[in-house]
file target-v9.pdb (PDB, C-alpha atoms, pLDDT in the B column)
ATOM      1  CA  MET A   1     -50.948  12.010  13.638  1.00 76.00           C
ATOM      2  CA  ARG A   2     -48.996  15.201  14.390  1.00 74.00           C
ATOM      3  CA  ALA A   3     -46.047  13.116  15.524  1.00 71.00           C
ATOM      4  CA  VAL A   4     -46.106  11.142  12.267  1.00 69.00           C
ATOM      5  CA  LEU A   5     -46.321  14.323  10.199  1.00 72.00           C
ATOM      6  CA  ARG A   6     -43.495  15.871  12.200  1.00 77.00           C
ATOM      7  CA  LEU A   7     -41.347  12.806  11.645  1.00 77.00           C
ATOM      8  CA  PHE A   8     -42.158  12.797   7.939  1.00 72.00           C
ATOM      9  CA  GLY A   9     -41.238  16.467   7.726  1.00 75.00           C
ATOM     10  CA  CYS A  10     -37.918  15.826   9.449  1.00 80.00           C
ATOM     11  CA  VAL A  11     -37.135  13.037   7.008  1.00 75.00           C
ATOM     12  CA  LEU A  12     -37.900  15.308   4.046  1.00 83.00           C
ATOM     13  CA  ILE A  13     -35.724  18.084   5.450  1.00 83.00           C
ATOM     14  CA  ALA A  14     -32.877  15.645   6.071  1.00 80.00           C
ATOM     15  CA  ALA A  15     -33.192  14.260   2.547  1.00 77.00           C
ATOM     16  CA  PHE A  16     -33.170  17.766   1.066  1.00 76.00           C
ATOM     17  CA  ALA A  17     -30.150  18.746   3.174  1.00 81.00           C
ATOM     18  CA  LEU A  18     -28.277  15.654   2.001  1.00 79.00           C
ATOM     19  CA  GLN A  19     -28.994  16.441  -1.646  1.00 83.00           C
ATOM     20  CA  LEU A  20     -27.883  20.040  -1.125  1.00 82.00           C
ATOM     21  CA  PHE A  21     -24.662  18.805   0.481  1.00 84.00           C
ATOM     22  CA  PHE A  22     -23.974  16.520  -2.480  1.00 84.00           C
ATOM     23  CA  ILE A  23     -24.722  19.263  -5.006  1.00 89.00           C
ATOM     24  CA  LEU A  24     -22.433  21.757  -3.273  1.00 88.00           C
ATOM     25  CA  ARG A  25     -19.594  19.224  -3.151  1.00 90.00           C
ATOM     26  CA  ILE A  26     -19.995  18.472  -6.840  1.00 91.00           C
ATOM     27  CA  ALA A  27     -20.094  22.169  -7.751  1.00 91.00           C
ATOM     28  CA  ALA A  28     -16.885  22.742  -5.767  1.00 92.00           C
ATOM     29  CA  MET A  29     -15.149  19.999  -7.753  1.00 93.00           C
ATOM     30  CA  ALA A  30     -15.196  22.260 -10.787  1.00 92.00           C
ATOM     31  CA  VAL A  31     -12.184  24.021  -9.266  1.00 92.00           C
ATOM     32  CA  ILE A  32     -11.103  21.891  -6.279  1.00 93.00           C
ATOM     33  CA  ASP A  33      -9.551  18.433  -6.697  1.00 93.00           C
ATOM     34  CA  PRO A  34     -11.290  15.948  -4.353  1.00 90.00           C
ATOM     35  CA  GLN A  35      -8.856  14.696  -1.714  1.00 83.00           C
ATOM     36  CA  SER A  36     -10.544  11.317  -1.381  1.00 86.00           C
ATOM     37  CA  THR A  37     -13.691   9.430  -2.304  1.00 90.00           C
ATOM     38  CA  ALA A  38     -16.210   7.510  -0.226  1.00 86.00           C
ATOM     39  CA  PHE A  39     -14.942   4.273  -1.764  1.00 87.00           C
ATOM     40  CA  GLN A  40     -11.321   5.102  -0.976  1.00 88.00           C
ATOM     41  CA  ARG A  41     -12.147   5.930   2.634  1.00 85.00           C
ATOM     42  CA  SER A  42     -13.945   2.605   2.939  1.00 84.00           C
ATOM     43  CA  GLU A  43     -10.957   0.760   1.483  1.00 83.00           C
ATOM     44  CA  ALA A  44      -8.530   2.628   3.756  1.00 79.00           C
ATOM     45  CA  TRP A  45     -10.601   1.654   6.785  1.00 80.00           C
ATOM     46  CA  GLN A  46     -10.600  -1.999   5.760  1.00 78.00           C
ATOM     47  CA  LEU A  47      -6.842  -1.968   5.174  1.00 74.00           C
ATOM     48  CA  ALA A  48      -6.350  -0.490   8.632  1.00 73.00           C
ATOM     49  CA  THR A  49      -8.784  -2.703  10.540  1.00 76.00           C
ATOM     50  CA  GLN A  50      -8.896  -6.043   8.730  1.00 69.00           C
ATOM     51  CA  GLY A  51      -5.208  -6.807   8.371  1.00 61.00           C
ATOM     52  CA  ARG A  52      -5.246  -6.444   4.596  1.00 57.00           C
ATOM     53  CA  SER A  53      -1.725  -5.033   4.483  1.00 53.00           C
ATOM     54  CA  ASN A  54       0.046  -5.686   1.208  1.00 52.00           C
ATOM     55  CA  GLY A  55       3.625  -5.475   2.366  1.00 45.00           C
ATOM     56  CA  GLU A  56       5.717  -2.820   0.634  1.00 45.00           C
ATOM     57  CA  ARG A  57       2.801  -0.442   0.114  1.00 54.00           C
ATOM     58  CA  ASP A  58      -0.575   0.028   1.726  1.00 68.00           C
ATOM     59  CA  TRP A  59      -1.728   3.026  -0.297  1.00 77.00           C
ATOM     60  CA  ARG A  60      -0.675   4.633  -3.537  1.00 83.00           C
ATOM     61  CA  GLN A  61      -2.247   7.654  -5.161  1.00 86.00           C
ATOM     62  CA  GLN A  62      -0.857  10.761  -6.831  1.00 90.00           C
ATOM     63  CA  TRP A  63      -3.042  13.318  -8.513  1.00 95.00           C
ATOM     64  CA  VAL A  64      -1.906  14.378 -11.974  1.00 96.00           C
ATOM     65  CA  PRO A  65      -3.665  16.904 -14.216  1.00 96.00           C
ATOM     66  CA  TYR A  66      -5.585  15.822 -17.299  1.00 96.00           C
ATOM     67  CA  SER A  67      -2.745  16.884 -19.590  1.00 96.00           C
ATOM     68  CA  GLN A  68      -0.328  14.517 -17.814  1.00 97.00           C
ATOM     69  CA  ILE A  69      -2.438  11.421 -18.399  1.00 97.00           C
ATOM     70  CA  ALA A  70      -1.655   9.765 -21.717  1.00 97.00           C
ATOM     71  CA  ASP A  71      -4.374   9.975 -24.339  1.00 97.00           C
ATOM     72  CA  THR A  72      -3.865   6.239 -24.803  1.00 97.00           C
ATOM     73  CA  LEU A  73      -5.267   5.600 -21.325  1.00 97.00           C
ATOM     74  CA  LYS A  74      -8.150   8.011 -21.806  1.00 97.00           C
ATOM     75  CA  ARG A  75      -9.085   6.309 -25.066  1.00 97.00           C
ATOM     76  CA  ALA A  76      -8.656   2.824 -23.598  1.00 97.00           C
ATOM     77  CA  VAL A  77     -10.917   3.550 -20.630  1.00 97.00           C
ATOM     78  CA  ILE A  78     -13.581   5.134 -22.814  1.00 96.00           C
ATOM     79  CA  ALA A  79     -13.397   2.228 -25.289  1.00 95.00           C
ATOM     80  CA  SER A  80     -13.687  -0.311 -22.473  1.00 94.00           C
ATOM     81  CA  GLU A  81     -16.069   1.370 -20.052  1.00 92.00           C
ATOM     82  CA  ASP A  82     -18.215   3.921 -21.877  1.00 93.00           C
ATOM     83  CA  SER A  83     -17.864   4.343 -25.646  1.00 90.00           C
ATOM     84  CA  GLU A  84     -20.593   7.025 -25.750  1.00 91.00           C
ATOM     85  CA  PHE A  85     -19.035   9.072 -22.945  1.00 94.00           C
ATOM     86  CA  ILE A  86     -18.838  12.394 -24.772  1.00 93.00           C
ATOM     87  CA  TYR A  87     -22.423  12.141 -26.068  1.00 91.00           C
ATOM     88  CA  HIS A  88     -24.656  11.088 -23.183  1.00 89.00           C
ATOM     89  CA  GLN A  89     -25.872  13.192 -20.267  1.00 86.00           C
ATOM     90  CA  GLY A  90     -24.610  10.887 -17.544  1.00 82.00           C
ATOM     91  CA  VAL A  91     -26.990   7.932 -17.839  1.00 81.00           C
ATOM     92  CA  GLU A  92     -27.702   5.473 -20.655  1.00 77.00           C
ATOM     93  CA  TRP A  93     -30.972   3.750 -19.814  1.00 66.00           C
ATOM     94  CA  GLU A  94     -30.856   1.230 -22.653  1.00 67.00           C
ATOM     95  CA  ALA A  95     -27.307   0.209 -21.717  1.00 61.00           C
ATOM     96  CA  ILE A  96     -28.388  -0.408 -18.119  1.00 61.00           C
ATOM     97  CA  GLU A  97     -31.143  -2.773 -19.209  1.00 61.00           C
ATOM     98  CA  ARG A  98     -28.919  -4.598 -21.714  1.00 64.00           C
ATOM     99  CA  ALA A  99     -26.221  -5.037 -19.088  1.00 60.00           C
ATOM    100  CA  ARG A 100     -28.732  -6.368 -16.555  1.00 62.00           C
ATOM    101  CA  GLN A 101     -29.900  -9.045 -18.985  1.00 64.00           C
ATOM    102  CA  ARG A 102     -26.383 -10.018 -20.071  1.00 66.00           C
ATOM    103  CA  ASN A 103     -25.076 -10.175 -16.516  1.00 60.00           C
ATOM    104  CA  ALA A 104     -27.889 -12.409 -15.344  1.00 62.00           C
ATOM    105  CA  LYS A 105     -26.957 -14.919 -18.038  1.00 67.00           C
ATOM    106  CA  ALA A 106     -23.221 -14.509 -17.376  1.00 59.00           C
ATOM    107  CA  GLU A 107     -23.599 -15.164 -13.651  1.00 64.00           C
ATOM    108  CA  GLU A 108     -25.669 -18.281 -14.303  1.00 68.00           C
ATOM    109  CA  LEU A 109     -23.064 -19.613 -16.737  1.00 68.00           C
ATOM    110  CA  ALA A 110     -20.181 -18.681 -14.413  1.00 62.00           C
ATOM    111  CA  ALA A 111     -21.771 -20.589 -11.531  1.00 67.00           C
ATOM    112  CA  LYS A 112     -21.961 -23.749 -13.651  1.00 67.00           C
ATOM    113  CA  ARG A 113     -18.375 -23.378 -14.833  1.00 68.00           C
ATOM    114  CA  ALA A 114     -17.144 -22.681 -11.312  1.00 63.00           C
ATOM    115  CA  ALA A 115     -18.632 -25.951 -10.064  1.00 65.00           C
ATOM    116  CA  GLN A 116     -16.928 -27.801 -12.919  1.00 64.00           C
ATOM    117  CA  ARG A 117     -13.564 -26.160 -12.265  1.00 63.00           C
ATOM    118  CA  ARG A 118     -13.743 -26.881  -8.531  1.00 64.00           C
ATOM    119  CA  ALA A 119     -14.504 -30.520  -9.315  1.00 67.00           C
ATOM    120  CA  ARG A 120     -11.238 -30.603 -11.284  1.00 67.00           C
ATOM    121  CA  GLY A 121      -9.340 -28.859  -8.494  1.00 64.00           C
ATOM    122  CA  LYS A 122      -8.994 -25.565 -10.346  1.00 58.00           C
ATOM    123  CA  GLU A 123      -9.711 -22.061  -9.178  1.00 58.00           C
ATOM    124  CA  PRO A 124     -12.976 -20.684 -10.587  1.00 54.00           C
ATOM    125  CA  SER A 125     -12.929 -17.588 -12.783  1.00 54.00           C
ATOM    126  CA  PRO A 126     -15.223 -14.648 -12.077  1.00 53.00           C
ATOM    127  CA  ALA A 127     -18.241 -13.972 -14.223  1.00 51.00           C
ATOM    128  CA  GLN A 128     -17.335 -11.520 -16.964  1.00 54.00           C
ATOM    129  CA  LEU A 129     -19.887  -8.879 -16.075  1.00 52.00           C
ATOM    130  CA  ARG A 130     -20.541  -5.802 -18.146  1.00 54.00           C
ATOM    131  CA  GLY A 131     -21.386  -2.597 -16.407  1.00 52.00           C
ATOM    132  CA  GLY A 132     -24.353  -0.666 -17.673  1.00 63.00           C
ATOM    133  CA  SER A 133     -23.055   2.282 -15.683  1.00 84.00           C
ATOM    134  CA  THR A 134     -21.436   5.153 -17.535  1.00 92.00           C
ATOM    135  CA  ILE A 135     -18.126   6.639 -16.419  1.00 94.00           C
ATOM    136  CA  THR A 136     -20.140   9.473 -14.875  1.00 95.00           C
ATOM    137  CA  GLN A 137     -22.253   7.031 -12.860  1.00 92.00           C
ATOM    138  CA  GLN A 138     -19.175   5.161 -11.685  1.00 92.00           C
ATOM    139  CA  LEU A 139     -17.631   8.437 -10.549  1.00 94.00           C
ATOM    140  CA  ALA A 140     -20.810   9.443  -8.725  1.00 93.00           C
ATOM    141  CA  LYS A 141     -20.896   6.123  -6.887  1.00 91.00           C
ATOM    142  CA  ASN A 142     -17.212   6.130  -5.923  1.00 91.00           C
ATOM    143  CA  LEU A 143     -17.114   9.782  -4.911  1.00 90.00           C
ATOM    144  CA  LEU A 144     -20.080  10.043  -2.615  1.00 86.00           C
ATOM    145  CA  LEU A 145     -21.922   6.762  -2.045  1.00 82.00           C
ATOM    146  CA  SER A 146     -21.545   3.479  -0.198  1.00 70.00           C
ATOM    147  CA  GLY A 147     -20.903   0.196  -1.941  1.00 66.00           C
ATOM    148  CA  GLU A 148     -24.234  -1.359  -0.986  1.00 68.00           C
ATOM    149  CA  ARG A 149     -26.455  -2.500  -3.838  1.00 70.00           C
ATOM    150  CA  THR A 150     -29.946  -1.220  -3.231  1.00 73.00           C
ATOM    151  CA  MET A 151     -32.523   0.516  -5.373  1.00 77.00           C
ATOM    152  CA  LEU A 152     -32.270   3.599  -3.156  1.00 78.00           C
ATOM    153  CA  ARG A 153     -28.496   3.843  -3.681  1.00 78.00           C
ATOM    154  CA  LYS A 154     -28.901   3.283  -7.416  1.00 81.00           C
ATOM    155  CA  GLY A 155     -31.471   6.031  -7.578  1.00 83.00           C
ATOM    156  CA  GLN A 156     -29.149   8.381  -5.728  1.00 87.00           C
ATOM    157  CA  GLU A 157     -26.355   7.447  -8.144  1.00 88.00           C
ATOM    158  CA  LEU A 158     -28.492   8.504 -11.107  1.00 88.00           C
ATOM    159  CA  VAL A 159     -29.296  11.849  -9.480  1.00 89.00           C
ATOM    160  CA  LEU A 160     -25.621  12.528  -8.734  1.00 91.00           C
ATOM    161  CA  ALA A 161     -24.548  11.496 -12.238  1.00 92.00           C
ATOM    162  CA  THR A 162     -26.945  14.084 -13.636  1.00 92.00           C
ATOM    163  CA  ALA A 163     -25.520  16.703 -11.262  1.00 93.00           C
ATOM    164  CA  LEU A 164     -21.958  15.870 -12.295  1.00 95.00           C
ATOM    165  CA  GLU A 165     -22.859  16.399 -15.940  1.00 95.00           C
ATOM    166  CA  LEU A 166     -24.592  19.663 -15.075  1.00 93.00           C
ATOM    167  CA  PHE A 167     -21.773  21.240 -13.064  1.00 95.00           C
ATOM    168  CA  LEU A 168     -18.625  19.698 -14.560  1.00 96.00           C
ATOM    169  CA  SER A 169     -17.237  19.423 -18.064  1.00 95.00           C
ATOM    170  CA  LYS A 170     -16.663  16.018 -19.649  1.00 96.00           C
ATOM    171  CA  GLU A 171     -12.914  16.615 -19.428  1.00 97.00           C
ATOM    172  CA  ARG A 172     -13.148  17.360 -15.709  1.00 97.00           C
ATOM    173  CA  ILE A 173     -15.309  14.282 -15.075  1.00 97.00           C
ATOM    174  CA  LEU A 174     -12.769  12.068 -16.846  1.00 97.00           C
ATOM    175  CA  GLU A 175      -9.875  13.738 -15.036  1.00 97.00           C
ATOM    176  CA  ILE A 176     -11.403  13.110 -11.604  1.00 97.00           C
ATOM    177  CA  TYR A 177     -12.354   9.557 -12.556  1.00 97.00           C
ATOM    178  CA  LEU A 178      -8.888   8.608 -13.786  1.00 97.00           C
ATOM    179  CA  ASN A 179      -7.244  10.074 -10.692  1.00 97.00           C
ATOM    180  CA  ASN A 180      -9.444   8.168  -8.252  1.00 95.00           C
ATOM    181  CA  VAL A 181     -10.478   4.857  -9.793  1.00 95.00           C
ATOM    182  CA  GLU A 182      -9.146   1.676  -8.171  1.00 94.00           C
ATOM    183  CA  TRP A 183      -6.461  -0.358  -9.964  1.00 94.00           C
ATOM    184  CA  GLY A 184      -5.554  -2.870  -7.256  1.00 91.00           C
ATOM    185  CA  GLU A 185      -5.229  -3.254  -3.491  1.00 88.00           C
ATOM    186  CA  GLY A 186      -4.526   0.278  -2.279  1.00 88.00           C
ATOM    187  CA  ILE A 187      -3.717   1.496  -5.810  1.00 92.00           C
ATOM    188  CA  PHE A 188      -5.804   4.462  -6.906  1.00 94.00           C
ATOM    189  CA  GLY A 189      -5.503   6.656  -9.943  1.00 95.00           C
ATOM    190  CA  ALA A 190      -3.692   6.504 -13.257  1.00 96.00           C
ATOM    191  CA  GLU A 191      -0.291   7.643 -11.984  1.00 97.00           C
ATOM    192  CA  ALA A 192      -0.136   5.055  -9.186  1.00 95.00           C
ATOM    193  CA  ALA A 193      -1.292   2.314 -11.563  1.00 95.00           C
ATOM    194  CA  ALA A 194       1.253   3.240 -14.254  1.00 96.00           C
ATOM    195  CA  GLN A 195       4.083   3.297 -11.731  1.00 95.00           C
ATOM    196  CA  HIS A 196       3.022   0.053 -10.062  1.00 94.00           C
ATOM    197  CA  TYR A 197       2.467  -2.066 -13.161  1.00 95.00           C
ATOM    198  CA  PHE A 198       4.848  -0.511 -15.697  1.00 95.00           C
ATOM    199  CA  ARG A 199       7.338   1.588 -13.689  1.00 95.00           C
ATOM    200  CA  LYS A 200       6.596   4.702 -15.729  1.00 96.00           C
ATOM    201  CA  PRO A 201       4.436   7.835 -15.381  1.00 97.00           C
ATOM    202  CA  ALA A 202       0.870   7.880 -16.646  1.00 96.00           C
ATOM    203  CA  SER A 203       1.902  10.377 -19.326  1.00 96.00           C
ATOM    204  CA  ARG A 204       4.059   7.731 -21.052  1.00 97.00           C
ATOM    205  CA  LEU A 205       1.703   4.763 -21.218  1.00 96.00           C
ATOM    206  CA  GLY A 206       1.668   2.955 -24.547  1.00 95.00           C
ATOM    207  CA  ALA A 207      -1.458   1.650 -26.230  1.00 96.00           C
ATOM    208  CA  ASN A 208      -1.095  -1.949 -25.042  1.00 95.00           C
ATOM    209  CA  GLU A 209      -0.258  -0.881 -21.479  1.00 96.00           C
ATOM    210  CA  ALA A 210      -3.245   1.444 -21.394  1.00 97.00           C
ATOM    211  CA  ALA A 211      -5.518  -1.283 -22.753  1.00 96.00           C
ATOM    212  CA  ARG A 212      -4.406  -3.704 -20.001  1.00 96.00           C
ATOM    213  CA  LEU A 213      -5.171  -1.131 -17.317  1.00 96.00           C
ATOM    214  CA  ALA A 214      -8.585  -0.430 -18.815  1.00 96.00           C
ATOM    215  CA  VAL A 215      -9.487  -4.128 -18.899  1.00 95.00           C
ATOM    216  CA  MET A 216      -8.591  -4.441 -15.211  1.00 95.00           C
ATOM    217  CA  LEU A 217     -11.120  -1.858 -14.068  1.00 92.00           C
ATOM    218  CA  PRO A 218     -14.180  -4.053 -13.441  1.00 87.00           C
ATOM    219  CA  SER A 219     -12.124  -6.420 -11.208  1.00 89.00           C
ATOM    220  CA  PRO A 220      -8.839  -4.670 -10.353  1.00 92.00           C
ATOM    221  CA  LYS A 221      -7.896  -6.777  -7.319  1.00 90.00           C
ATOM    222  CA  PHE A 222      -8.590  -9.995  -9.222  1.00 90.00           C
ATOM    223  CA  PHE A 223      -6.414  -9.031 -12.181  1.00 91.00           C
ATOM    224  CA  GLU A 224      -3.696  -7.527 -10.000  1.00 90.00           C
ATOM    225  CA  ARG A 225      -2.974 -11.077  -8.820  1.00 88.00           C
ATOM    226  CA  ARG A 226      -3.376 -12.563 -12.316  1.00 87.00           C
ATOM    227  CA  GLN A 227      -1.330 -10.435 -14.679  1.00 87.00           C
ATOM    228  CA  GLY A 228      -0.729 -13.526 -16.823  1.00 85.00           C
ATOM    229  CA  SER A 229      -4.450 -14.141 -17.337  1.00 86.00           C
ATOM    230  CA  ALA A 230      -5.348 -15.266 -20.858  1.00 90.00           C
ATOM    231  CA  TYR A 231      -8.562 -13.262 -20.647  1.00 90.00           C
ATOM    232  CA  LEU A 232      -6.626 -10.111 -19.713  1.00 91.00           C
ATOM    233  CA  ALA A 233      -4.325 -10.524 -22.714  1.00 92.00           C
ATOM    234  CA  SER A 234      -7.149 -11.306 -25.136  1.00 92.00           C
ATOM    235  CA  ARG A 235      -9.459  -8.546 -23.960  1.00 93.00           C
ATOM    236  CA  SER A 236      -6.584  -6.045 -23.973  1.00 94.00           C
ATOM    237  CA  GLY A 237      -6.056  -6.762 -27.661  1.00 94.00           C
ATOM    238  CA  THR A 238      -9.729  -6.112 -28.332  1.00 95.00           C
ATOM    239  CA  ILE A 239      -9.675  -2.796 -26.478  1.00 95.00           C
ATOM    240  CA  ALA A 240      -6.430  -1.718 -28.187  1.00 95.00           C
ATOM    241  CA  ALA A 241      -8.139  -2.267 -31.536  1.00 95.00           C
ATOM    242  CA  ARG A 242     -11.102  -0.106 -30.459  1.00 95.00           C
ATOM    243  CA  MET A 243      -9.031   2.748 -29.068  1.00 96.00           C
ATOM    244  CA  PRO A 244      -8.558   4.750 -32.297  1.00 95.00           C
ATOM    245  CA  ALA A 245     -12.338   5.154 -32.549  1.00 93.00           C
ATOM    246  CA  ALA A 246     -12.718   6.375 -28.955  1.00 94.00           C
ATOM    247  CA  GLU A 247     -13.446  10.117 -28.884  1.00 93.00           C
ATOM    248  CA  LEU A 248     -11.923  12.302 -26.182  1.00 95.00           C
ATOM    249  CA  PRO A 249     -13.534  15.333 -24.552  1.00 91.00           C
TER     250      PRO A 249
END
call {"tool": "encode", "arguments": {"input": "target-v9.pdb", "output": "C-alpha cells"}}
result
Amino acid sequence: MRAVLRLFGCVLIAAFALQLFFILRIAAMAVIDPQSTAFQRSEAWQLATQGRSNGERDWRQQWVPYSQIADTLKRAVIASEDSEFIYHQGVEWEAIERARQRNAKAEELAAKRAAQRRARGKEPSPAQLRGGSTITQQLAKNLLLSGERTMLRKGQELVLATALELFLSKERILEIYLNNVEWGEGIFGAEAAAQHYFRKPASRLGANEAARLAVMLPSPKFFERRQGSAYLASRSGTIAARMPAAELP
C-alpha cells in the first residue's frame, strides 16, 4: 500500500510540476516572443526525418510585431476562426458542442462523397470541419501540446487556454498566434505566408488576400496544393464579407 501511495504522490508532484512549467512559460510570453512551438518542432522533425523536403524551402518563418500585420488579416482570421475572440475568456463551451455535432455529420457525408468521387476516378475532398476551438485554444495546443487527440490532452488545452487569457492580453494572444500558425508545408506565421503566396509583406495584405489565408487555416497543406479550389474562392468571398464586423483587440 505504501508503494502505491508513494507512486501516486510522485504522479501528483510530476503533474503539478508540469502545470507550473506551463504557467511560467505562458507568463514569460507576456514579454518574450516564443522562438518555436511544440507543433513547429514536431513538423521540423518530420521534415528532417521523413524526407518531406519541399525543394526551394524547407522552413519559413519571420516574426513581425502586431503593428506590422495588416488589420485585414487580423479581421479575416477572427471572422473565420473565432468571431467572439475579444469577448470570451478562452473557451466557448457551446461552440465546442455545436462543432462536435456538425463535424460528425460532415465526416459522415464526406465519407459517402469520397466513395462516389473515387468511383468516378476523382480525388476526394476533405470534410469541411468547423473547429469549436477558440483562437486561444488553438494557440495553447500549438504552443505547448502534442497533436494527439485524447480527452487528457483536450483537458490540458482548456487549462492552458485559461492561463493564456489570464496572463496575456488579447492583442498579445493574437500576435503570437498569427506569428506561429501554420500556412503550408514549412510555412509558419503571417509574414512567411504573405511572402510565399502573394510576394508582399504581411503589413500590405489586401482584404481578399487576407480572406484566402484565413480560409486556409483549418487545412493549410491541403489548400497550399489547391490554390485554384472552388471552395477556397467561395469561402474567401464569405469571409471577406464578414470582415468589417470583426472586432480587433
call {"tool": "residues_near_point", "arguments": {"input": "target-v9.pdb", "point": "(-1.3, -10.9, -6.0)", "cutoff": "12 Å", "atoms": "all atoms listed in the file", "output": "number ranges by chain"}}
result
A: 54-55, 184-185, 197, 220-228
call {"tool": "closest_residue", "arguments": {"input": "target-v9.pdb", "among": "A:Glu182, A:Glu81, A:Glu175, A:Glu92", "to": "Arg242 (chain A)", "atoms": "all atoms listed in the file"}}
result
A:Glu81
call {"tool": "resolve_selection", "arguments": {"input": "target-v9.pdb", "expression": "the PyMOL selection byres ((chain A and resi 188-190) around 8)", "output": "list of chain:residue names"}}
result
A:Trp59, A:Arg60, A:Gln61, A:Gln62, A:Trp63, A:Ile69, A:Tyr177, A:Leu178, A:Asn179, A:Asn180, A:Val181, A:Glu182, A:Trp183, A:Gly184, A:Gly186, A:Ile187, A:Glu191, A:Ala192, A:Ala193, A:Ala194, A:Ala202
call {"tool": "resolve_selection", "arguments": {"input": "target-v9.pdb", "expression": "the PyMOL selection byres ((chain A and resi 154) around 12)", "output": "JSON, numbers by chain"}}
result
{"A": [91, 96, 132, 133, 137, 138, 140, 141, 145, 146, 147, 148, 149, 150, 151, 152, 153, 155, 156, 157, 158, 159, 160, 161]}
call {"tool": "atom_distance", "arguments": {"input": "target-v9.pdb", "atom1": "CA of Leu232 (chain A)", "atom2": "CA of Arg212 (chain A)"}}
result
6.8 Å
call {"tool": "atom_distance", "arguments": {"input": "target-v9.pdb", "atom1": "CA of Ser83 (chain A)", "atom2": "CA of Ser236 (chain A)"}}
result
15.4 Å
call {"tool": "residues_around", "arguments": {"input": "target-v9.pdb", "residues": "Asn208 (chain A)", "least_positions_apart": "6", "cutoff": "9 Å", "atoms": "only C-alpha atoms", "output": "list in words"}}
result
Thr72, Ser236, Gly237, Ile239 and Ala240 of chain A
call {"tool": "write_last_selection", "arguments": {"input": "target-v9.pdb", "atoms": "C-alpha atoms", "output": "PDB file, in the frame of the given file"}}
result
ATOM      1  CA  THR A  72      -3.865   6.239 -24.803  1.00 97.00           C
ATOM      2  CA  SER A 236      -6.584  -6.045 -23.973  1.00 94.00           C
ATOM      3  CA  GLY A 237      -6.056  -6.762 -27.661  1.00 94.00           C
ATOM      4  CA  ILE A 239      -9.675  -2.796 -26.478  1.00 95.00           C
ATOM      5  CA  ALA A 240      -6.430  -1.718 -28.187  1.00 95.00           C
TER       6      ALA A 240
END
call {"tool": "closest_residue", "arguments": {"input": "target-v9.pdb", "among": "A:Leu144, A:Ile135, A:Leu217, A:Ala27", "to": "Asp82 (chain A)", "atoms": "all atoms listed in the file"}}
result
A:Ile135
call {"tool": "atom_distance", "arguments": {"input": "target-v9.pdb", "atom1": "CA of Tyr231 (chain A)", "atom2": "CA of Lys74 (chain A)"}}
result
21.3 Å
call {"tool": "decode", "arguments": {"input": "target-v9.pdb", "residues": "region 139-153 of chain A", "atoms": "N, CA and C atoms", "output": "mmCIF file, in the first residue's frame"}}
result
data_model
loop_
_atom_site.group_PDB
_atom_site.id
_atom_site.type_symbol
_atom_site.label_atom_id
_atom_site.label_comp_id
_atom_site.auth_asym_id
_atom_site.auth_seq_id
_atom_site.Cartn_x
_atom_site.Cartn_y
_atom_site.Cartn_z
ATOM 1 N N LEU A 139 -3.964 28.311 -29.971
ATOM 2 C CA LEU A 139 -2.616 28.734 -29.587
ATOM 3 C C LEU A 139 -2.073 27.863 -28.468
ATOM 4 N N ALA A 140 -2.899 27.565 -27.482
ATOM 5 C CA ALA A 140 -2.468 26.709 -26.374
ATOM 6 C C ALA A 140 -2.004 25.353 -26.882
ATOM 7 N N LYS A 141 -2.780 24.773 -27.779
ATOM 8 C CA LYS A 141 -2.447 23.458 -28.334
ATOM 9 C C LYS A 141 -1.138 23.512 -29.117
ATOM 10 N N ASN A 142 -1.009 24.485 -30.007
ATOM 11 C CA ASN A 142 0.183 24.557 -30.859
ATOM 12 C C ASN A 142 1.435 24.897 -30.075
ATOM 13 N N LEU A 143 1.301 25.759 -29.073
ATOM 14 C CA LEU A 143 2.463 26.196 -28.311
ATOM 15 C C LEU A 143 3.089 25.086 -27.477
ATOM 16 N N LEU A 144 2.254 24.335 -26.779
ATOM 17 C CA LEU A 144 2.781 23.512 -25.697
ATOM 18 C C LEU A 144 2.396 22.038 -25.732
ATOM 19 N N LEU A 145 1.475 21.634 -26.617
ATOM 20 C CA LEU A 145 0.951 20.280 -26.531
ATOM 21 C C LEU A 145 1.243 19.465 -27.780
ATOM 22 N N SER A 146 1.061 18.161 -27.662
ATOM 23 C CA SER A 146 1.233 17.261 -28.798
ATOM 24 C C SER A 146 -0.022 17.295 -29.661
ATOM 25 N N GLY A 147 0.061 16.673 -30.819
ATOM 26 C CA GLY A 147 -1.073 16.660 -31.722
ATOM 27 C C GLY A 147 -2.043 15.523 -31.496
ATOM 28 N N GLU A 148 -1.799 14.683 -30.495
ATOM 29 C CA GLU A 148 -2.686 13.549 -30.256
ATOM 30 C C GLU A 148 -4.065 14.029 -29.803
ATOM 31 N N ARG A 149 -5.087 13.263 -30.172
ATOM 32 C CA ARG A 149 -6.449 13.641 -29.803
ATOM 33 C C ARG A 149 -6.960 12.729 -28.701
ATOM 34 N N THR A 150 -6.790 13.165 -27.488
ATOM 35 C CA THR A 150 -7.273 12.417 -26.337
ATOM 36 C C THR A 150 -7.999 13.376 -25.399
ATOM 37 N N MET A 151 -8.813 12.835 -24.531
ATOM 38 C CA MET A 151 -9.529 13.654 -23.576
ATOM 39 C C MET A 151 -8.558 14.348 -22.621
ATOM 40 N N LEU A 152 -7.469 13.651 -22.267
ATOM 41 C CA LEU A 152 -6.483 14.246 -21.370
ATOM 42 C C LEU A 152 -5.839 15.465 -22.015
ATOM 43 N N ARG A 153 -5.471 15.346 -23.311
ATOM 44 C CA ARG A 153 -4.841 16.483 -23.992
ATOM 45 C C ARG A 153 -5.828 17.628 -24.144
#
